[in-house]
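Below is one structure, written out as structure tokens, with a few remarks after it.
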Amino acid sequence: MSETAESDAAGDAESPSVAGLGGGSPDMAEYPLQVEDLRKQFGGITAVDGVSFEIEAGTMTGLIGPNGAGKSTTFNCITGMYDPDGGTVTFNGEDVTGMDPHDIAQRGLVRTFQIARELSDMTVLENMMLAPKGQRGERLWQSVLPGTRDRVIEQETELVEQVWDALEFFDIDHLASERAGNLSGGQRKLLELARAMLTDPDMLLLDEPFAGVNPTLEARLLEHVHELRKQGYTFLIVEHDMDLIMNNCERVIVMHQGKLLTDGTPEEVRSDEEVIEAYLGGQA
Amino acid sequence: MGVRDTVNRGRIVAIERPDVFLVWVLGAALVVDLLWGLATGGIAFSTLASNVWDGIMRGLVIGLAGIGLSMTYSILNFANFAHGDYITAGAFAGWSVTYLITGFGEYDLGALVLVGPKSNVTGTIIGIGVVSTPLAVLAGLLVAGAATIALALLVDRYVYRPLRDEGGITLLITSIGVAFALRYLIAFVFDSSTRTTAGTTGNPAVRLNFVDGTVRVSSHDVTLVVVSVGLMLGVHYLLQRTKLGKAMRAMADNEDLARVTGIPTERVVRSTWIIGGGLTGFAGFMLVLWKETIRFNDGWLLLLLIFAAVIMGGIGSIYGAIAGGLIIGIVASTSVIWVPSGLTEATAFLVMILVLLFRPEGIFSGRSTA
Amino acid sequence: MSGEPSVTDKFETTPDWQIVAVVMGIIYLAYIVSGFLIGFPLRGQINAIGNLTFYVAVFAMLSLALNLHWGYTGLFNIGVVAFMAIGVYTMAVLVKQPLSQDPTAQIGGLGLPIPVGMAAGVVVATVFGLIVSLPALRLRADYLAIVTIAFSEIMRFTFLETSIKTFTLFGTETGLGGGSGLVFNVPAPIDWLTSALYVRGPYLDFVGWFGTTLGIGNPKAVVDNLVYSIILVLVVVAFYWLLQRIGRSPFGRVLKAIREDEDVARALGKDTDWFKMQSFMVGCGLMGLVGVLWMYDQGAINPNNFRPRLTFYAWIALIIGGAGSNTGSVLGGAIFAALLFQGPVYAKNLVTTAVGSGSAPQTFAGAVAPLGNLDPGPFAYYVLGNINQLQIVFMGVVLIWLMHNRPEGLLGHRSEEAAAVDLTDRPVVSDGGEVDE
Ligand SMILES: Nc1ncnc2c1ncn2[C@@H]1O[C@H](COP(=O)(O)OP(=O)(O)OP(=O)(O)O)[C@@H](O)[C@H]1O
Ligand SMILES: [Mg+2]
């Protein structure tokens, strides 16, 4: 049903995108994210087993693999949620391996969670207001002292505007004052994506961002993602919807049992025997 | 990249290691100091042995009471702050009976039942002791266990069970309410004074020669060892050999899974309170028998040490609780070599905090236990 | 039955401040009326109101400080009392007269000015907050609970310790006083304050005028008490102001996010450890200040003032009011102080005035035995005589009841929006192009 929107989006993807030209993104390396020989074990399970890849700036890459392949764990290791047992993660030329998640996020590498982690007792607006970086009022004294408080309020007023725009962009502005916990699964996904966008990242790691989002919205979202990508943002997306990945990503990485199976264009991956065996075969 | 990697790792180690390192250095320094003291005669071997013996006694009580706490902590997933007051409740129930049996007919009934509040009906005067009145002591011990089981089941039925699906913190806060209500109810009924429960007549002791002096071992010490070791072996048998034990271990590991696989969880919960409560009551009675005084906040004062033991031993592990109890007991008792005696408990708490910081999963983690 | 939901509805829609005003009104009215019933002379009445106000204020402050920890940040601190003790002990050691000036004192101090001592009390409590927070904030909530309560007992044992009853600090002999504690051998708060502000003369004139107008003999103690309580109420206002500012700011928003899901906050680039540390330190500093303001007024401190039950009181107050709401915290503090803390004592006075104090039996047995002869008198007197213990039993039961029936407290379910501006007020959209649904 969302066929048209998707092909539109895919059409956009063909147009040459120049990194660094886009809105909020600063100069970036050609390969903002480089992962080398990443390893992570849980007790006896090797969840990620020597994974290496590079993501080109301004592209949208799909990361696929059967359940339990280690995709989320890879995300967790890249973003500092887990300390990898081995390997390195380089972001914009800087080794960020083992850094705290907030340090990595501050550098512009931001992730969303597979199971939406909305802050359920906070409103959608509060959720969104949390995200922007460099908020003056996050310094305790600035929020409290009378002189500086005015400037905090000034900045908040600006942020509110941004937040409303973003809510509109993601089509959840009618939910603005709702407790995030009351949102539907799909709405939470949107909220999470919108929130991540508001941090003004260079690169986004999205863990199944479209799961539970209705097709119309999904198409619209994809459109936005492509728009952002053209502005210079880089995306790495985990997704189980094979068509979606194949139609929207320039490149696809396939993981299986913690290992990297293939890495290539959708066409290459589609015809790869091993992938069919491990992934498509497994699904049938 | 390799160099950067090394530097980065080095930085992490530098941040995370020094405190651990410091703790080890401190521990090593204490051991060296102890050995030096022993070698130069600054610390008598017999003093050390007495301290260790005292610590073992304390540790057995802590371990015994710790088994119950550890079981409920892992199976019901919350830290029961009322556990200490179960100990006190058991102690008062048991000693009430011991007093009654020993002094019946000779002394005021009310004074006996209330374990001699504000009166000169003390254990010394009525002559309680494991040698002089063994039956009264045994009856008291059994009643202490039974009463604590009843109390634990009652509290669970009306306080904890309705909150079964709530998080551990809700239950923890609730248990603090139970703790205060229980403690001051005991104070209200039994009075808040400290009384002596047993005297030297009923509790003969021997002084064993040890290197450069003697170590005092009393009949109550021996009773404590016999009773607690016996109970611990019993629990070991119960958990290892019976179906109930297997179900309990399964539930401690994963409640949902246990439920799915058809283990009747409410029944397991009840059994947990029965076994844990019983041991706790016994521990309360033995604590009082051993230290020969009773007061309404005895259990509370012991609670943090029990937490220390349970966490050190790894939550859910009964052997861990026993071992942790012995370690905490010995640490507290031997700490008098270095710190003022008023700070022995503080020292044990400090050790617990260190364990929580450096090995929150317990010092024996990685070993599979009951 | 049918009326019940509407009452609840009404409560749910009433503005916070109205609830607070009504509750305060009821509390004070109840105290004044029962004061008359007891037959308190005017002096006693004013004193009772002063005491009530004092406890309402200190528990509101404690509850507010704790709300920053638990309500906002989700830090399970059950070592509140330790920070109060640290604050006031620091102050005592610093401001007490040196032995050279007051040889009659058991323990000397450094003789520093009182405001310096107060500030130092807050600072040292904050520093201890930092020390505890450094390692402890990475712990899960139940472990943090155990660590903080163990810390509070460690501190109490330390204050009790005889070997540091006296020591030398900066060449001056001072100490912590061990089990017998420390006596503030400096002017009482109001005496000090009025002198410091150069209004001692006018103040004493006012006290005299107050006494003669109302016909109260020796009015100074009563007026001092009342005035000090009113000052504390002003401090509550300051606490509230501060915490509202913290709560309604980007800083407070991060705290709230940490309480909800720390990983999310970290994934969005917030250094949550640092936020938690700041929250913990500020809360501990405020607790230190409560310790200072409360105990300085009592004239002396003793380790046994700082038992864990004081922490328990603060928690009940917070839970009654509703964790997460500053207004709720104040309300909870007031209700706790009036109903659970002062209430039973007041009720006891009420009853003893009505039926006389009688001779309470020494033991529970003595109280229960006459019940067999249908004589409830001794039991009633025993209850009155041991009201302090029964009161704590009652508090425990109230806490259990709350956790069963209303864990969010009175106002905890009303979220106070964490932003410095009103978020729902949508800024005017410049282009009218956006049309949704
Ligand atoms: N915290 C953890 N502790 C233990 N094992 C884990 C943990 N996280 C992941 N695993 C294991 O690691 C493996 C990889 O899991 P991961 O969540 O990364 O897979 P995935 O590719 O994201 O799967 P899905 O498509 O289902 O989301 C699985 O076997 C999983 O059980
Ligand atoms: Mg996954």
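In the structure tokens, chains take letters A, B, ... by order of appearance, with residues numbered from 1 within each chain and ligands from 1 in the order shown.
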
Residues contacting ligand 1 - anything with an atom at most 6 Å away, using only C-alpha atoms and all ligand atoms - can you give me those as a short mmCIF file (atom, residue, chain, number, x, y, z; two decimals) with C-alpha atoms, in the first residue's frame?
```cif
data_model
loop_
_atom_site.label_atom_id
_atom_site.label_comp_id
_atom_site.auth_asym_id
_atom_site.auth_seq_id
_atom_site.Cartn_x
_atom_site.Cartn_y
_atom_site.Cartn_z
CA PHE A 42 27.36 -13.04 27.61
CA ALA A 47 26.49 -12.40 20.78
CA PRO A 66 17.56 -13.35 11.98
CA ASN A 67 16.43 -12.99 15.58
CA GLY A 68 19.32 -13.27 17.96
CA ALA A 69 21.87 -12.50 15.26
CA GLY A 70 23.46 -9.87 17.50
CA LYS A 71 22.20 -6.71 15.86
CA SER A 72 20.98 -5.01 19.00
CA THR A 73 24.06 -6.10 20.87
#
```

Sorted per-residue table, chain A near ligand 2, closest atoms and distance, 12 Å, only C-alpha atoms and all ligand atoms, as JSON lines:
```
{"residue": "A:Ala47", "atom": "CA", "partner": "ligand 2", "partner_atom_place_in_ligand_line": "1 (Mg)", "distance": 11.0}
{"residue": "A:Leu63", "atom": "CA", "partner": "ligand 2", "partner_atom_place_in_ligand_line": "1 (Mg)", "distance": 10.4}
{"residue": "A:Ile64", "atom": "CA", "partner": "ligand 2", "partner_atom_place_in_ligand_line": "1 (Mg)", "distance": 9.7}
{"residue": "A:Gly65", "atom": "CA", "partner": "ligand 2", "partner_atom_place_in_ligand_line": "1 (Mg)", "distance": 9.4}
{"residue": "A:Pro66", "atom": "CA", "partner": "ligand 2", "partner_atom_place_in_ligand_line": "1 (Mg)", "distance": 9.3}
{"residue": "A:Asn67", "atom": "CA", "partner": "ligand 2", "partner_atom_place_in_ligand_line": "1 (Mg)", "distance": 7.0}
{"residue": "A:Gly68", "atom": "CA", "partner": "ligand 2", "partner_atom_place_in_ligand_line": "1 (Mg)", "distance": 6.8}
{"residue": "A:Ala69", "atom": "CA", "partner": "ligand 2", "partner_atom_place_in_ligand_line": "1 (Mg)", "distance": 8.0}
{"residue": "A:Gly70", "atom": "CA", "partner": "ligand 2", "partner_atom_place_in_ligand_line": "1 (Mg)", "distance": 6.9}
{"residue": "A:Lys71", "atom": "CA", "partner": "ligand 2", "partner_atom_place_in_ligand_line": "1 (Mg)", "distance": 5.5}
{"residue": "A:Ser72", "atom": "CA", "partner": "ligand 2", "partner_atom_place_in_ligand_line": "1 (Mg)", "distance": 4.0}
{"residue": "A:Thr73", "atom": "CA", "partner": "ligand 2", "partner_atom_place_in_ligand_line": "1 (Mg)", "distance": 7.1}
{"residue": "A:Thr74", "atom": "CA", "partner": "ligand 2", "partner_atom_place_in_ligand_line": "1 (Mg)", "distance": 9.1}
{"residue": "A:Phe75", "atom": "CA", "partner": "ligand 2", "partner_atom_place_in_ligand_line": "1 (Mg)", "distance": 8.7}
{"residue": "A:Asn76", "atom": "CA", "partner": "ligand 2", "partner_atom_place_in_ligand_line": "1 (Mg)", "distance": 9.8}
{"residue": "A:Thr112", "atom": "CA", "partner": "ligand 2", "partner_atom_place_in_ligand_line": "1 (Mg)", "distance": 11.2}
{"residue": "A:Phe113", "atom": "CA", "partner": "ligand 2", "partner_atom_place_in_ligand_line": "1 (Mg)", "distance": 8.7}
{"residue": "A:Gln114", "atom": "CA", "partner": "ligand 2", "partner_atom_place_in_ligand_line": "1 (Mg)", "distance": 6.0}
{"residue": "A:Ile115", "atom": "CA", "partner": "ligand 2", "partner_atom_place_in_ligand_line": "1 (Mg)", "distance": 8.6}
{"residue": "A:Ala116", "atom": "CA", "partner": "ligand 2", "partner_atom_place_in_ligand_line": "1 (Mg)", "distance": 11.7}
{"residue": "A:Leu206", "atom": "CA", "partner": "ligand 2", "partner_atom_place_in_ligand_line": "1 (Mg)", "distance": 10.4}
{"residue": "A:Asp207", "atom": "CA", "partner": "ligand 2", "partner_atom_place_in_ligand_line": "1 (Mg)", "distance": 6.8}
{"residue": "A:Glu208", "atom": "CA", "partner": "ligand 2", "partner_atom_place_in_ligand_line": "1 (Mg)", "distance": 7.6}
{"residue": "A:Pro209", "atom": "CA", "partner": "ligand 2", "partner_atom_place_in_ligand_line": "1 (Mg)", "distance": 11.0}
{"residue": "A:Ala211", "atom": "CA", "partner": "ligand 2", "partner_atom_place_in_ligand_line": "1 (Mg)", "distance": 11.4}
{"residue": "A:Ile237", "atom": "CA", "partner": "ligand 2", "partner_atom_place_in_ligand_line": "1 (Mg)", "distance": 11.1}
{"residue": "A:Val238", "atom": "CA", "partner": "ligand 2", "partner_atom_place_in_ligand_line": "1 (Mg)", "distance": 7.8}
{"residue": "A:Glu239", "atom": "CA", "partner": "ligand 2", "partner_atom_place_in_ligand_line": "1 (Mg)", "distance": 9.0}
{"residue": "A:His240", "atom": "CA", "partner": "ligand 2", "partner_atom_place_in_ligand_line": "1 (Mg)", "distance": 9.6}
{"residue": "A:Met255", "atom": "CA", "partner": "ligand 2", "partner_atom_place_in_ligand_line": "1 (Mg)", "distance": 11.4}
{"residue": "A:Gly258", "atom": "CA", "partner": "ligand 2", "partner_atom_place_in_ligand_line": "1 (Mg)", "distance": 11.8}
```

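Closest approach to chain A among C:Leu339, C:Val122, C:Met281, C:Val397 is made by C:Met281 (distances from only C-alpha atoms).
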
What residues in chain B have any atom no more than 7 Å from chain C when counting only C-alpha atoms, and can you write them as a ChimeraX atom specification? /B:79,110,117,169-170,174,177-178,180-182,184-185,187-190,304,342-343,346,349,353,357

Store the residues picked out above in a file with N, CA, C and O atoms, as a short mmCIF file (atom, residue, chain, number, x, y, z; two decimals), in the first residue's frame.
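Below you can see out35.cif, which holds the result:
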```
data_model
loop_
_atom_site.label_atom_id
_atom_site.label_comp_id
_atom_site.auth_asym_id
_atom_site.auth_seq_id
_atom_site.Cartn_x
_atom_site.Cartn_y
_atom_site.Cartn_z
N ALA B 79 14.09 -6.79 49.51
CA ALA B 79 14.85 -6.77 50.75
C ALA B 79 13.86 -6.55 51.89
O ALA B 79 13.26 -5.49 51.99
N GLY B 110 2.44 -12.74 85.04
CA GLY B 110 2.60 -11.66 84.05
C GLY B 110 4.06 -11.37 83.80
O GLY B 110 4.49 -11.21 82.66
N PRO B 117 9.73 -7.80 82.56
CA PRO B 117 9.92 -6.36 82.36
C PRO B 117 9.91 -5.67 83.71
O PRO B 117 9.15 -6.05 84.60
N ILE B 169 10.81 -2.30 45.24
CA ILE B 169 10.94 -1.12 46.07
C ILE B 169 9.65 -0.85 46.86
O ILE B 169 9.69 -0.49 48.04
N THR B 170 8.53 -1.08 46.22
CA THR B 170 7.25 -0.93 46.93
C THR B 170 7.24 -1.88 48.13
O THR B 170 6.87 -1.49 49.25
N THR B 174 7.22 -1.00 52.15
CA THR B 174 6.20 -1.60 53.00
C THR B 174 6.84 -2.36 54.16
O THR B 174 6.37 -2.28 55.30
N GLY B 177 7.67 -0.28 57.00
CA GLY B 177 6.48 -0.04 57.83
C GLY B 177 6.23 -1.20 58.77
O GLY B 177 5.98 -1.02 59.97
N VAL B 178 6.32 -2.42 58.25
CA VAL B 178 6.13 -3.61 59.08
C VAL B 178 7.16 -3.62 60.19
O VAL B 178 6.86 -3.88 61.36
N PHE B 180 8.86 -1.19 61.68
CA PHE B 180 8.64 -0.25 62.78
C PHE B 180 7.41 -0.63 63.59
O PHE B 180 7.43 -0.58 64.83
N ALA B 181 6.34 -1.02 62.91
CA ALA B 181 5.12 -1.40 63.63
C ALA B 181 5.42 -2.56 64.58
O ALA B 181 5.06 -2.53 65.76
N LEU B 182 6.12 -3.55 64.06
CA LEU B 182 6.41 -4.74 64.86
C LEU B 182 7.32 -4.43 66.03
O LEU B 182 7.07 -4.83 67.18
N TYR B 184 7.95 -1.64 67.62
CA TYR B 184 7.41 -0.85 68.72
C TYR B 184 6.18 -1.50 69.34
O TYR B 184 5.85 -1.21 70.49
N LEU B 185 5.57 -2.42 68.62
CA LEU B 185 4.51 -3.21 69.25
C LEU B 185 5.15 -4.12 70.30
O LEU B 185 4.63 -4.28 71.41
N ALA B 187 7.90 -3.47 71.86
CA ALA B 187 8.30 -2.58 72.96
C ALA B 187 7.08 -2.23 73.82
O ALA B 187 7.17 -2.17 75.05
N PHE B 188 5.97 -2.04 73.17
CA PHE B 188 4.74 -1.67 73.88
C PHE B 188 4.30 -2.81 74.79
O PHE B 188 3.94 -2.60 75.95
N VAL B 189 4.35 -4.02 74.29
CA VAL B 189 3.87 -5.16 75.06
C VAL B 189 4.92 -5.62 76.07
O VAL B 189 4.62 -5.80 77.25
N PHE B 190 6.14 -5.79 75.60
CA PHE B 190 7.16 -6.41 76.46
C PHE B 190 8.03 -5.40 77.20
O PHE B 190 8.93 -5.80 77.90
N LEU B 304 21.27 -5.29 59.81
CA LEU B 304 22.21 -4.81 58.80
C LEU B 304 23.39 -5.78 58.64
O LEU B 304 23.91 -5.96 57.55
N GLY B 342 33.26 0.26 70.42
CA GLY B 342 31.99 0.86 70.03
C GLY B 342 31.77 0.87 68.53
O GLY B 342 30.67 1.12 68.06
N LEU B 343 32.83 0.60 67.81
CA LEU B 343 32.71 0.68 66.36
C LEU B 343 32.76 -0.67 65.66
O LEU B 343 32.96 -0.76 64.45
N ALA B 346 29.98 -0.82 63.23
CA ALA B 346 30.28 0.13 62.15
C ALA B 346 31.28 -0.49 61.19
O ALA B 346 31.17 -0.35 59.98
N PHE B 349 29.60 -2.95 58.98
CA PHE B 349 28.81 -2.25 57.95
C PHE B 349 29.72 -1.75 56.83
O PHE B 349 29.38 -1.81 55.66
N ILE B 353 29.56 -2.42 52.91
CA ILE B 353 29.51 -1.40 51.86
C ILE B 353 30.59 -1.68 50.82
O ILE B 353 30.36 -1.59 49.62
N LEU B 357 30.09 -2.42 46.87
CA LEU B 357 30.69 -1.60 45.84
C LEU B 357 31.55 -2.42 44.88
O LEU B 357 31.53 -2.20 43.68
#
```

Which parts of segment 207-418 of chain C does DSSP call helix (DSSP H, G or I) when run on the backbone here, written out as a count of residues only? 166

Let me make sure I understand: among A:Glu267, A:Asp100, A:Asp83, A:Glu94, which one has the smallest atom-to-atom distance to chain C if we use only C-alpha atoms?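 So, comparing all the options, the nearest one is A:Asp100.
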
What's around segment 243-249 of chain C at 7 Å? Count only C-alpha atoms, leave out sequence neighbours fewer than 3 positions away in its own chain, and write the answer as a list in words.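 So, after excluding close chain neighbours, the residues are Gly137, Ser143 and Val144 of chain A; Phe239, Tyr240, Gly252, Arg253, Asn326, Glu417, Ala418, Ala419 and Ala420 of chain C.
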